[in-house]
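structure-v6.pdb, holding PDB, C-alpha atoms:
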ATOM      1  CA  MET A   1       4.798  45.657   3.919
ATOM      2  CA  ASN A   2       1.479  44.165   4.817
ATOM      3  CA  ALA A   3       1.923  42.529   8.193
ATOM      4  CA  ASP A   4      -0.300  39.620   7.146
ATOM      5  CA  ASP A   5       1.922  38.696   4.243
ATOM      6  CA  LYS A   6       3.838  35.990   6.030
ATOM      7  CA  LEU A   7       5.348  32.962   4.426
ATOM      8  CA  THR A   8       4.127  29.649   5.812
ATOM      9  CA  VAL A   9       6.327  26.604   5.262
ATOM     10  CA  TYR A  10       5.570  23.251   6.854
ATOM     11  CA  GLY A  11       3.095  24.993   9.131
ATOM     12  CA  VAL A  12       5.598  27.556  10.393
ATOM     13  CA  GLU A  13       5.158  31.271   9.725
ATOM     14  CA  LEU A  14       8.233  33.224   8.707
ATOM     15  CA  ALA A  15       8.071  37.019   8.654
ATOM     16  CA  SER A  16      11.161  37.405   6.470
ATOM     17  CA  ARG A  17      11.393  35.960   2.979
ATOM     18  CA  LEU A  18      15.171  35.946   3.041
ATOM     19  CA  PHE A  19      16.885  32.702   4.013
ATOM     20  CA  LEU A  20      20.555  33.331   4.734
ATOM     21  CA  GLY A  21      23.571  31.036   4.657
ATOM     22  CA  THR A  22      26.159  31.202   7.432
ATOM     23  CA  ALA A  23      29.354  30.243   5.563
ATOM     24  CA  GLN A  24      32.339  32.251   4.344
ATOM     25  CA  TYR A  25      31.946  35.388   6.493
ATOM     26  CA  PRO A  26      35.113  37.287   7.451
ATOM     27  CA  SER A  27      34.434  36.631  11.152
ATOM     28  CA  PRO A  28      31.814  35.180  13.493
ATOM     29  CA  ALA A  29      30.949  38.710  14.669
ATOM     30  CA  ILE A  30      30.277  39.868  11.102
ATOM     31  CA  LEU A  31      28.138  36.798  10.505
ATOM     32  CA  ALA A  32      26.062  37.612  13.583
ATOM     33  CA  ASP A  33      25.679  41.271  12.546
ATOM     34  CA  ALA A  34      24.756  40.298   8.980
ATOM     35  CA  VAL A  35      22.050  37.920  10.223
ATOM     36  CA  LYS A  36      20.561  40.706  12.348
ATOM     37  CA  ALA A  37      20.813  43.336   9.574
ATOM     38  CA  SER A  38      19.153  41.038   7.030
ATOM     39  CA  GLY A  39      16.081  40.548   9.197
ATOM     40  CA  THR A  40      16.083  36.840   8.340
ATOM     41  CA  ASN A  41      14.250  34.284  10.476
ATOM     42  CA  LEU A  42      15.966  31.257   8.938
ATOM     43  CA  VAL A  43      19.652  30.490   8.482
ATOM     44  CA  THR A  44      21.250  27.475   6.856
ATOM     45  CA  VAL A  45      23.854  25.445   8.713
ATOM     46  CA  SER A  46      25.778  22.269   8.066
ATOM     47  CA  LEU A  47      27.594  19.377   9.721
ATOM     48  CA  ARG A  48      31.257  18.515   9.492
ATOM     49  CA  ARG A  49      33.764  16.306  11.238
ATOM     50  CA  GLU A  50      34.523  17.658  14.686
ATOM     51  CA  SER A  51      38.000  17.550  16.141
ATOM     52  CA  ALA A  52      38.077  16.564  19.811
ATOM     53  CA  ASN A  53      40.741  19.229  20.362
ATOM     54  CA  VAL A  54      39.657  22.204  18.259
ATOM     55  CA  ARG A  55      35.907  22.037  18.948
ATOM     56  CA  ALA A  56      35.105  24.584  16.240
ATOM     57  CA  GLY A  57      31.587  23.259  15.800
ATOM     58  CA  HIS A  58      30.793  23.762  19.441
ATOM     59  CA  ALA A  59      31.771  27.462  19.284
ATOM     60  CA  PHE A  60      29.833  28.005  16.057
ATOM     61  CA  TRP A  61      26.703  26.420  17.482
ATOM     62  CA  GLN A  62      26.832  28.655  20.552
ATOM     63  CA  LEU A  63      26.988  31.697  18.267
ATOM     64  CA  ILE A  64      24.013  30.592  16.147
ATOM     65  CA  SER A  65      21.946  29.578  19.161
ATOM     66  CA  GLY A  66      22.236  33.123  20.473
ATOM     67  CA  LEU A  67      20.774  34.743  17.348
ATOM     68  CA  GLY A  68      17.139  33.779  17.912
ATOM     69  CA  VAL A  69      16.617  32.411  14.403
ATOM     70  CA  ARG A  70      15.381  29.049  13.161
ATOM     71  CA  VAL A  71      17.986  26.822  11.495
ATOM     72  CA  LEU A  72      17.777  24.860   8.269
ATOM     73  CA  PRO A  73      20.538  22.222   8.249
ATOM     74  CA  ASN A  74      21.805  21.137   4.846
ATOM     75  CA  THR A  75      23.305  17.988   3.384
ATOM     76  CA  ALA A  76      25.883  19.939   1.380
ATOM     77  CA  GLY A  77      28.576  17.855  -0.235
ATOM     78  CA  CYS A  78      26.570  14.631  -0.227
ATOM     79  CA  HIS A  79      26.799  12.713  -3.494
ATOM     80  CA  THR A  80      24.721   9.637  -2.699
ATOM     81  CA  VAL A  81      21.270   8.994  -1.297
ATOM     82  CA  LYS A  82      22.815   7.062   1.600
ATOM     83  CA  GLU A  83      25.157   9.907   2.564
ATOM     84  CA  ALA A  84      22.369  12.458   2.353
ATOM     85  CA  VAL A  85      19.910  10.392   4.409
ATOM     86  CA  THR A  86      22.457   9.608   7.128
ATOM     87  CA  THR A  87      23.591  13.245   7.245
ATOM     88  CA  ALA A  88      19.971  14.382   7.551
ATOM     89  CA  GLN A  89      19.389  11.987  10.442
ATOM     90  CA  MET A  90      22.500  13.291  12.200
ATOM     91  CA  ALA A  91      21.424  16.888  11.577
ATOM     92  CA  ARG A  92      17.947  16.237  12.987
ATOM     93  CA  GLU A  93      19.431  15.051  16.243
ATOM     94  CA  ILE A  94      22.083  17.706  16.688
ATOM     95  CA  PHE A  95      20.002  20.704  15.568
ATOM     96  CA  ASN A  96      16.789  19.361  17.034
ATOM     97  CA  THR A  97      14.711  20.086  13.933
ATOM     98  CA  PRO A  98      13.054  17.937  11.262
ATOM     99  CA  TRP A  99      13.779  20.639   8.657
ATOM    100  CA  ILE A 100      16.440  19.680   6.134
ATOM    101  CA  LYS A 101      17.778  21.406   3.031
ATOM    102  CA  LEU A 102      18.348  18.344   0.903
ATOM    103  CA  GLU A 103      21.288  18.464  -1.460
ATOM    104  CA  VAL A 104      22.382  15.464  -3.491
ATOM    105  CA  ILE A 105      25.070  16.695  -5.843
ATOM    106  CA  ARG A 106      25.980  15.048  -9.131
ATOM    107  CA  ASP A 107      28.467  17.316 -10.800
ATOM    108  CA  ASP A 108      31.306  19.062  -8.984
ATOM    109  CA  ASP A 109      31.861  21.817 -11.552
ATOM    110  CA  THR A 110      28.302  23.099 -11.562
ATOM    111  CA  LEU A 111      27.170  21.603  -8.218
ATOM    112  CA  GLN A 112      24.135  20.544 -10.218
ATOM    113  CA  PRO A 113      21.796  18.309  -8.221
ATOM    114  CA  ASP A 114      21.494  14.607  -8.971
ATOM    115  CA  VAL A 115      17.746  14.880  -9.385
ATOM    116  CA  PHE A 116      17.202  11.095  -9.386
ATOM    117  CA  GLY A 117      19.022  10.728  -6.066
ATOM    118  CA  LEU A 118      17.294  13.852  -4.796
ATOM    119  CA  VAL A 119      13.810  12.440  -5.400
ATOM    120  CA  GLU A 120      14.759   9.102  -3.827
ATOM    121  CA  ALA A 121      16.278  10.726  -0.737
ATOM    122  CA  ALA A 122      13.313  13.110  -0.454
ATOM    123  CA  ARG A 123      10.913  10.149  -0.406
ATOM    124  CA  ILE A 124      12.894   8.304   2.289
ATOM    125  CA  LEU A 125      13.237  11.390   4.478
ATOM    126  CA  SER A 126       9.623  12.556   4.074
ATOM    127  CA  ALA A 127       8.421   9.082   5.091
ATOM    128  CA  ASP A 128      10.687   9.344   8.141
ATOM    129  CA  GLY A 129       9.033  12.578   9.279
ATOM    130  CA  PHE A 130      11.444  15.116   7.833
ATOM    131  CA  CYS A 131      10.321  18.448   6.364
ATOM    132  CA  VAL A 132      12.361  18.391   3.183
ATOM    133  CA  PHE A 133      13.513  21.551   1.383
ATOM    134  CA  PRO A 134      14.965  20.109  -1.830
ATOM    135  CA  TYR A 135      17.690  21.999  -3.668
ATOM    136  CA  THR A 136      16.682  21.224  -7.235
ATOM    137  CA  THR A 137      16.834  22.508 -10.791
ATOM    138  CA  GLU A 138      14.039  24.408 -12.533
ATOM    139  CA  ASP A 139      12.814  21.181 -14.197
ATOM    140  CA  LEU A 140       9.015  20.873 -13.989
ATOM    141  CA  GLY A 141       8.936  17.074 -14.085
ATOM    142  CA  VAL A 142      11.431  16.792 -11.260
ATOM    143  CA  ALA A 143       9.446  19.341  -9.275
ATOM    144  CA  ASP A 144       6.342  17.206  -9.694
ATOM    145  CA  ARG A 145       8.234  14.095  -8.533
ATOM    146  CA  LEU A 146       9.527  15.926  -5.474
ATOM    147  CA  LEU A 147       5.996  16.944  -4.519
ATOM    148  CA  ASP A 148       4.891  13.317  -5.001
ATOM    149  CA  ALA A 149       7.760  12.292  -2.717
ATOM    150  CA  GLY A 150       6.304  14.426   0.061
ATOM    151  CA  CYS A 151       8.039  17.776  -0.289
ATOM    152  CA  GLN A 152       5.849  20.783   0.554
ATOM    153  CA  VAL A 153       8.347  23.358  -0.696
ATOM    154  CA  LEU A 154      10.684  23.486  -3.697
ATOM    155  CA  MET A 155      14.005  25.275  -3.994
ATOM    156  CA  PRO A 156      15.091  25.588  -7.629
ATOM    157  CA  TRP A 157      18.486  27.096  -8.373
ATOM    158  CA  GLY A 158      18.794  30.512  -9.970
ATOM    159  CA  ALA A 159      22.305  29.693 -11.188
ATOM    160  CA  PRO A 160      25.097  27.406  -9.924
ATOM    161  CA  ILE A 161      25.928  27.761  -6.218
ATOM    162  CA  GLY A 162      28.336  30.611  -5.548
ATOM    163  CA  SER A 163      28.322  31.832  -9.160
ATOM    164  CA  GLY A 164      26.480  35.089  -8.517
ATOM    165  CA  ARG A 165      24.998  34.968 -12.011
ATOM    166  CA  GLY A 166      21.408  35.632 -10.991
ATOM    167  CA  LEU A 167      18.451  33.926 -12.640
ATOM    168  CA  ASN A 168      19.757  31.877 -15.566
ATOM    169  CA  ASN A 169      16.401  30.623 -16.815
ATOM    170  CA  ILE A 170      13.665  33.101 -16.102
ATOM    171  CA  TYR A 171      11.285  31.399 -18.524
ATOM    172  CA  ALA A 172      11.508  28.085 -16.652
ATOM    173  CA  LEU A 173      11.254  29.749 -13.244
ATOM    174  CA  ARG A 174       8.131  31.572 -14.405
ATOM    175  CA  SER A 175       6.663  28.304 -15.734
ATOM    176  CA  LEU A 176       7.344  26.619 -12.419
ATOM    177  CA  ARG A 177       5.585  29.439 -10.575
ATOM    178  CA  ALA A 178       2.570  29.250 -12.909
ATOM    179  CA  HIS A 179       2.429  25.463 -12.672
ATOM    180  CA  PHE A 180       2.511  25.289  -8.874
ATOM    181  CA  PRO A 181       0.699  28.428  -7.699
ATOM    182  CA  ASP A 182       0.148  27.084  -4.181
ATOM    183  CA  VAL A 183       3.527  25.489  -3.453
ATOM    184  CA  PRO A 184       6.071  27.644  -1.609
ATOM    185  CA  LEU A 185       8.911  28.224  -4.087
ATOM    186  CA  VAL A 186      12.316  29.486  -3.017
ATOM    187  CA  VAL A 187      15.094  30.493  -5.388
ATOM    188  CA  ASP A 188      18.175  28.890  -3.878
ATOM    189  CA  ALA A 189      21.667  29.572  -5.172
ATOM    190  CA  GLY A 190      23.273  31.712  -7.838
ATOM    191  CA  ILE A 191      22.066  35.062  -6.516
ATOM    192  CA  GLY A 192      24.753  37.750  -6.797
ATOM    193  CA  LEU A 193      22.952  41.050  -6.350
ATOM    194  CA  PRO A 194      19.916  42.423  -4.549
ATOM    195  CA  SER A 195      18.388  43.077  -7.993
ATOM    196  CA  HIS A 196      18.529  39.320  -8.701
ATOM    197  CA  ALA A 197      16.696  38.629  -5.471
ATOM    198  CA  ALA A 198      14.131  41.336  -6.225
ATOM    199  CA  GLN A 199      13.612  39.809  -9.668
ATOM    200  CA  ALA A 200      12.917  36.387  -8.154
ATOM    201  CA  MET A 201      10.349  37.951  -5.846
ATOM    202  CA  GLU A 202       8.777  39.916  -8.731
ATOM    203  CA  LEU A 203       8.282  36.576 -10.514
ATOM    204  CA  GLY A 204       6.172  35.515  -7.569
ATOM    205  CA  TYR A 205       8.714  33.386  -5.746
ATOM    206  CA  ASP A 206       7.988  33.092  -2.061
ATOM    207  CA  ALA A 207      11.509  33.526  -0.738
ATOM    208  CA  VAL A 208      15.178  33.633  -1.697
ATOM    209  CA  LEU A 209      18.038  31.672  -0.152
ATOM    210  CA  LEU A 210      21.519  33.110  -0.553
ATOM    211  CA  ASN A 211      24.894  33.123   1.127
ATOM    212  CA  THR A 212      27.969  34.065  -0.907
ATOM    213  CA  ALA A 213      26.534  37.365  -2.196
ATOM    214  CA  VAL A 214      26.358  38.624   1.392
ATOM    215  CA  ALA A 215      29.337  36.820   2.932
ATOM    216  CA  LYS A 216      31.772  37.847   0.181
ATOM    217  CA  ALA A 217      30.555  41.451  -0.179
ATOM    218  CA  GLY A 218      32.957  44.240   0.772
ATOM    219  CA  ASP A 219      30.631  45.054   3.662
ATOM    220  CA  PRO A 220      28.571  41.943   4.425
ATOM    221  CA  VAL A 221      26.390  43.657   7.016
ATOM    222  CA  ALA A 222      25.386  46.473   4.639
ATOM    223  CA  MET A 223      24.795  43.937   1.849
ATOM    224  CA  ALA A 224      22.617  41.832   4.131
ATOM    225  CA  ARG A 225      20.478  44.889   4.769
ATOM    226  CA  ALA A 226      20.337  45.659   1.025
ATOM    227  CA  PHE A 227      19.107  42.126   0.296
ATOM    228  CA  GLY A 228      16.440  42.436   2.974
ATOM    229  CA  ASP A 229      15.251  45.677   1.355
ATOM    230  CA  ALA A 230      15.308  44.215  -2.169
ATOM    231  CA  ILE A 231      13.329  41.154  -1.180
ATOM    232  CA  ARG A 232      10.670  43.260   0.535
ATOM    233  CA  ALA A 233      10.487  45.543  -2.535
ATOM    234  CA  GLY A 234      10.216  42.599  -4.920
ATOM    235  CA  ARG A 235       7.506  40.989  -2.825
ATOM    236  CA  SER A 236       5.510  44.231  -2.689
ATOM    237  CA  ALA A 237       5.827  44.539  -6.464
ATOM    238  CA  TRP A 238       4.518  41.004  -7.026
ATOM    239  CA  ARG A 239       1.564  41.657  -4.779
ATOM    240  CA  ALA A 240       0.893  44.920  -6.601
ATOM    241  CA  GLY A 241       0.508  43.086  -9.951
ATOM    242  CA  PRO A 242       3.292  43.912 -12.422
ATOM    243  CA  MET A 243       2.250  45.075 -15.909
ATOM    244  CA  GLU A 244       2.749  42.834 -18.954
ATOM    245  CA  ALA A 245       5.840  43.603 -21.019
ATOM    246  CA  ARG A 246       5.239  44.352 -24.724
ATOM    247  CA  ASP A 247       7.401  44.720 -27.779
ATOM    248  CA  MET A 248       6.240  48.114 -29.097
ATOM    249  CA  ALA A 249       5.959  51.529 -27.506
ATOM    250  CA  ALA A 250       2.625  52.633 -26.086
ATOM    251  CA  ALA A 251       2.318  56.326 -25.236
ATOM    252  CA  SER A 252       1.609  56.909 -21.579
ATOM    253  CA  THR A 253       0.532  60.520 -22.086
ATOM    254  CA  PRO A 254      -3.055  60.715 -23.456
ATOM    255  CA  MET A 255      -3.296  61.983 -27.050
ATOM    256  CA  LEU A 256      -6.789  63.421 -26.594
ATOM    257  CA  GLY A 257      -6.741  67.223 -26.901
ATOM    258  CA  MET A 258      -3.252  67.255 -28.375
ATOM    259  CA  ALA A 259      -2.351  70.666 -29.901
ATOM    260  CA  PHE A 260      -1.399  71.224 -33.568
ATOM    261  CA  ARG A 261      -3.485  68.313 -34.825
TER     262      ARG A 261
ATOM    263  CA  MET B   1      41.587  -2.835  17.728
ATOM    264  CA  LYS B   2      41.873  -0.423  14.846
ATOM    265  CA  VAL B   3      38.938   1.722  13.729
ATOM    266  CA  THR B   4      38.665   4.779  11.501
ATOM    267  CA  ILE B   5      37.437   7.945  13.227
ATOM    268  CA  ASN B   6      36.715  10.907  10.963
ATOM    269  CA  GLY B   7      38.964   9.459   8.315
ATOM    270  CA  GLU B   8      41.860   8.708  10.660
ATOM    271  CA  LEU B   9      42.907   5.162  11.565
ATOM    272  CA  ARG B  10      43.175   4.843  15.376
ATOM    273  CA  GLU B  11      44.072   2.095  17.835
ATOM    274  CA  VAL B  12      41.386   2.071  20.539
ATOM    275  CA  THR B  13      40.323  -0.129  23.443
ATOM    276  CA  SER B  14      36.642   0.827  23.776
ATOM    277  CA  ARG B  15      34.034  -1.809  22.958
ATOM    278  CA  THR B  16      31.082   0.543  22.470
ATOM    279  CA  LEU B  17      30.549   3.827  20.641
ATOM    280  CA  ALA B  18      29.716   5.650  23.888
ATOM    281  CA  ASP B  19      32.995   4.532  25.462
ATOM    282  CA  LEU B  20      34.922   5.380  22.323
ATOM    283  CA  LEU B  21      33.691   8.990  22.348
ATOM    284  CA  GLN B  22      34.980   9.332  25.908
ATOM    285  CA  GLU B  23      38.251   7.602  25.081
ATOM    286  CA  VAL B  24      39.135   9.902  22.190
ATOM    287  CA  GLY B  25      38.117  13.102  23.938
ATOM    288  CA  TYR B  26      34.596  14.026  22.807
ATOM    289  CA  GLY B  27      33.279  13.736  26.343
ATOM    290  CA  SER B  28      31.282  16.926  26.808
ATOM    291  CA  ILE B  29      30.844  18.089  23.202
ATOM    292  CA  VAL B  30      27.513  17.775  21.439
ATOM    293  CA  VAL B  31      28.143  15.627  18.385
ATOM    294  CA  ALA B  32      26.179  13.380  16.040
ATOM    295  CA  THR B  33      27.538   9.959  15.192
ATOM    296  CA  ALA B  34      27.416   7.348  12.463
ATOM    297  CA  VAL B  35      29.037   3.917  12.217
ATOM    298  CA  ASN B  36      29.631   2.472   8.744
ATOM    299  CA  GLU B  37      27.343   5.138   7.243
ATOM    300  CA  GLU B  38      24.461   4.255   9.590
ATOM    301  CA  PHE B  39      23.258   6.976  11.961
ATOM    302  CA  VAL B  40      23.611   6.044  15.644
ATOM    303  CA  PRO B  41      21.461   8.255  17.898
ATOM    304  CA  VAL B  42      22.712   9.378  21.299
ATOM    305  CA  SER B  43      20.346   6.949  23.000
ATOM    306  CA  ALA B  44      21.855   3.966  21.161
ATOM    307  CA  ARG B  45      25.554   4.721  21.598
ATOM    308  CA  ALA B  46      26.020   2.696  24.780
ATOM    309  CA  GLN B  47      24.550  -0.400  23.122
ATOM    310  CA  ARG B  48      26.363   0.051  19.788
ATOM    311  CA  GLU B  49      29.263  -2.403  19.893
ATOM    312  CA  LEU B  50      32.253  -1.775  17.688
ATOM    313  CA  SER B  51      34.333  -4.149  15.614
ATOM    314  CA  ALA B  52      37.791  -3.820  14.126
ATOM    315  CA  GLY B  53      37.649  -1.901  10.869
ATOM    316  CA  ASP B  54      34.534   0.090  11.706
ATOM    317  CA  VAL B  55      34.302   3.516  10.132
ATOM    318  CA  ILE B  56      33.029   6.103  12.592
ATOM    319  CA  GLU B  57      31.941   9.647  11.830
ATOM    320  CA  VAL B  58      31.702  12.261  14.570
ATOM    321  CA  LEU B  59      30.090  15.448  13.335
ATOM    322  CA  SER B  60      29.178  18.790  14.811
ATOM    323  CA  PRO B  61      27.517  22.013  13.639
ATOM    324  CA  MET B  62      29.322  24.033  11.012
ATOM    325  CA  GLN B  63      28.702  27.051   8.798
ATOM    326  CA  GLY B  64      26.687  26.201   5.710
ATOM    327  CA  GLY B  65      24.872  27.687   2.753
TER     328      GLY B  65
END

As structure tokens, the full file:
Amino acid sequence: MNADDKLTVYGVELASRLFLGTAQYPSPAILADAVKASGTNLVTVSLRRESANVRAGHAFWQLISGLGVRVLPNTAGCHTVKEAVTTAQMAREIFNTPWIKLEVIRDDDTLQPDVFGLVEAARILSADGFCVFPYTTEDLGVADRLLDAGCQVLMPWGAPIGSGRGLNNIYALRSLRAHFPDVPLVVDAGIGLPSHAAQAMELGYDAVLLNTAVAKAGDPVAMARAFGDAIRAGRSAWRAGPMEARDMAAASTPMLGMAFR
Amino acid sequence: MKVTINGELREVTSRTLADLLQEVGYGSIVVATAVNEEFVPVSARAQRELSAGDVIEVLSPMQGG
């Protein structure tokens, strides 16, 4: 990989184009090993109620702090603008970063974003100095509104969170890429296999955010490495200029000088 | 007075959020706080007075996707 091919988001250079979630791993040690094996520079984290006795959050934060990666806190589970904005403010203080993966969820079956609430929350948070990474759909109009609201990166879903279905709407993802050639675009959610991640990169996406596909693999550390490889391969392929697909065959071997003719 | 802390109704004596965190055992842990869905930064906890019925959230880092 070309060493100069770094992703820049909100003025920060990231060498790896894999953003990795930290939930659902079999153990904290496996999480730490998977983060290292993936080569990621950015992991997503969240906030939950802390028990004064158990102090689980404290232990988790010590583990993440030791990994030498940047964190992207999320507002997972928030259903209203108010909840999402307050959660983001709390995350900014505790994680000491203005970066926020903004989720405002409408539907619990699909975890589909409430795009109206998302745009509103993005505007409030951007005005308050946050660097907003909105978890959105592939809708072009919504994407445009999010950019208007101050977002400098967009994170459309590939498929519903945790579904592992890959890229459900390649046509729309390609349109989004063509429409916003200079905006960092990250496929977030729905990735199940390294080939899905490679496909997103081959479409020209700038990065991929995933969690379950690594955490729930038989060997999460090996799968983390496989995703790192796939994302590098897909990125190299995009930079190399993929050929256009066509409907009919076209002989690759030259016909000139063919015998028996 | 009674307040709700992380969804649990508790009888407490503290008058401010800073005192409350000590009273219920969060003393040395790094947490983020909100009262009635409004964020209260660390620097404002000592001045944030509580009233009966307040709903307090005490959050800390957790795994997330």

TODO: Name the residues that the PyMOL selection byres ((chain B and resi 8-19) around 10) pulls out of this structure, and write them as a count of residues only.
DONE: 33

Open item on the list: Assuming the chain letters and numbering stay as they are in my file, what does the ChimeraX specification (/A :<7) & /B actually select? List them as JSON, numbers by chain.
Closed with: {"B": [6, 25, 26, 29, 31, 32, 33, 37, 38, 39, 57, 58, 59, 60, 61, 62, 63, 64, 65]}

Open item on the list: Which residues, named as in the file, does the PyMOL selection byres ((chain A and resi 174) around 12) pick out? Answer as an NGL selection string.
Closed with: :A and (138-140 or 156 or 158 or 167-173 or 175-181 or 185 or 187 or 199-205)

Excluding Ser126 (chain A) and its own-chain neighbours fewer than 2 positions away, which residues fall within 10 Å of it when counting only C-alpha atoms? Please give them as a short mmCIF file (atom, residue, chain, number, x, y, z; two decimals) with C-alpha atoms, keeping the file's coordinate frame.
data_model
loop_
_atom_site.label_atom_id
_atom_site.label_comp_id
_atom_site.auth_asym_id
_atom_site.auth_seq_id
_atom_site.Cartn_x
_atom_site.Cartn_y
_atom_site.Cartn_z
CA PRO A 98 13.05 17.94 11.26
CA ALA A 121 16.28 10.73 -0.74
CA ALA A 122 13.31 13.11 -0.45
CA ARG A 123 10.91 10.15 -0.41
CA ILE A 124 12.89 8.30 2.29
CA ASP A 128 10.69 9.34 8.14
CA GLY A 129 9.03 12.58 9.28
CA PHE A 130 11.44 15.12 7.83
CA CYS A 131 10.32 18.45 6.36
CA VAL A 132 12.36 18.39 3.18
CA ALA A 149 7.76 12.29 -2.72
CA GLY A 150 6.30 14.43 0.06
CA CYS A 151 8.04 17.78 -0.29
CA GLN A 152 5.85 20.78 0.55
#

Task: Atomic separation - CA of Val186 (chain A) relative to CA of Gly166 (chain A), Å - done: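 These atoms are spaced 13.6 Å apart.
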
Task: For CA of Val221 (chain A) and CA of Ala237 (chain A), the interatomic separation in Å (one decimal) - done: 24.6 Å
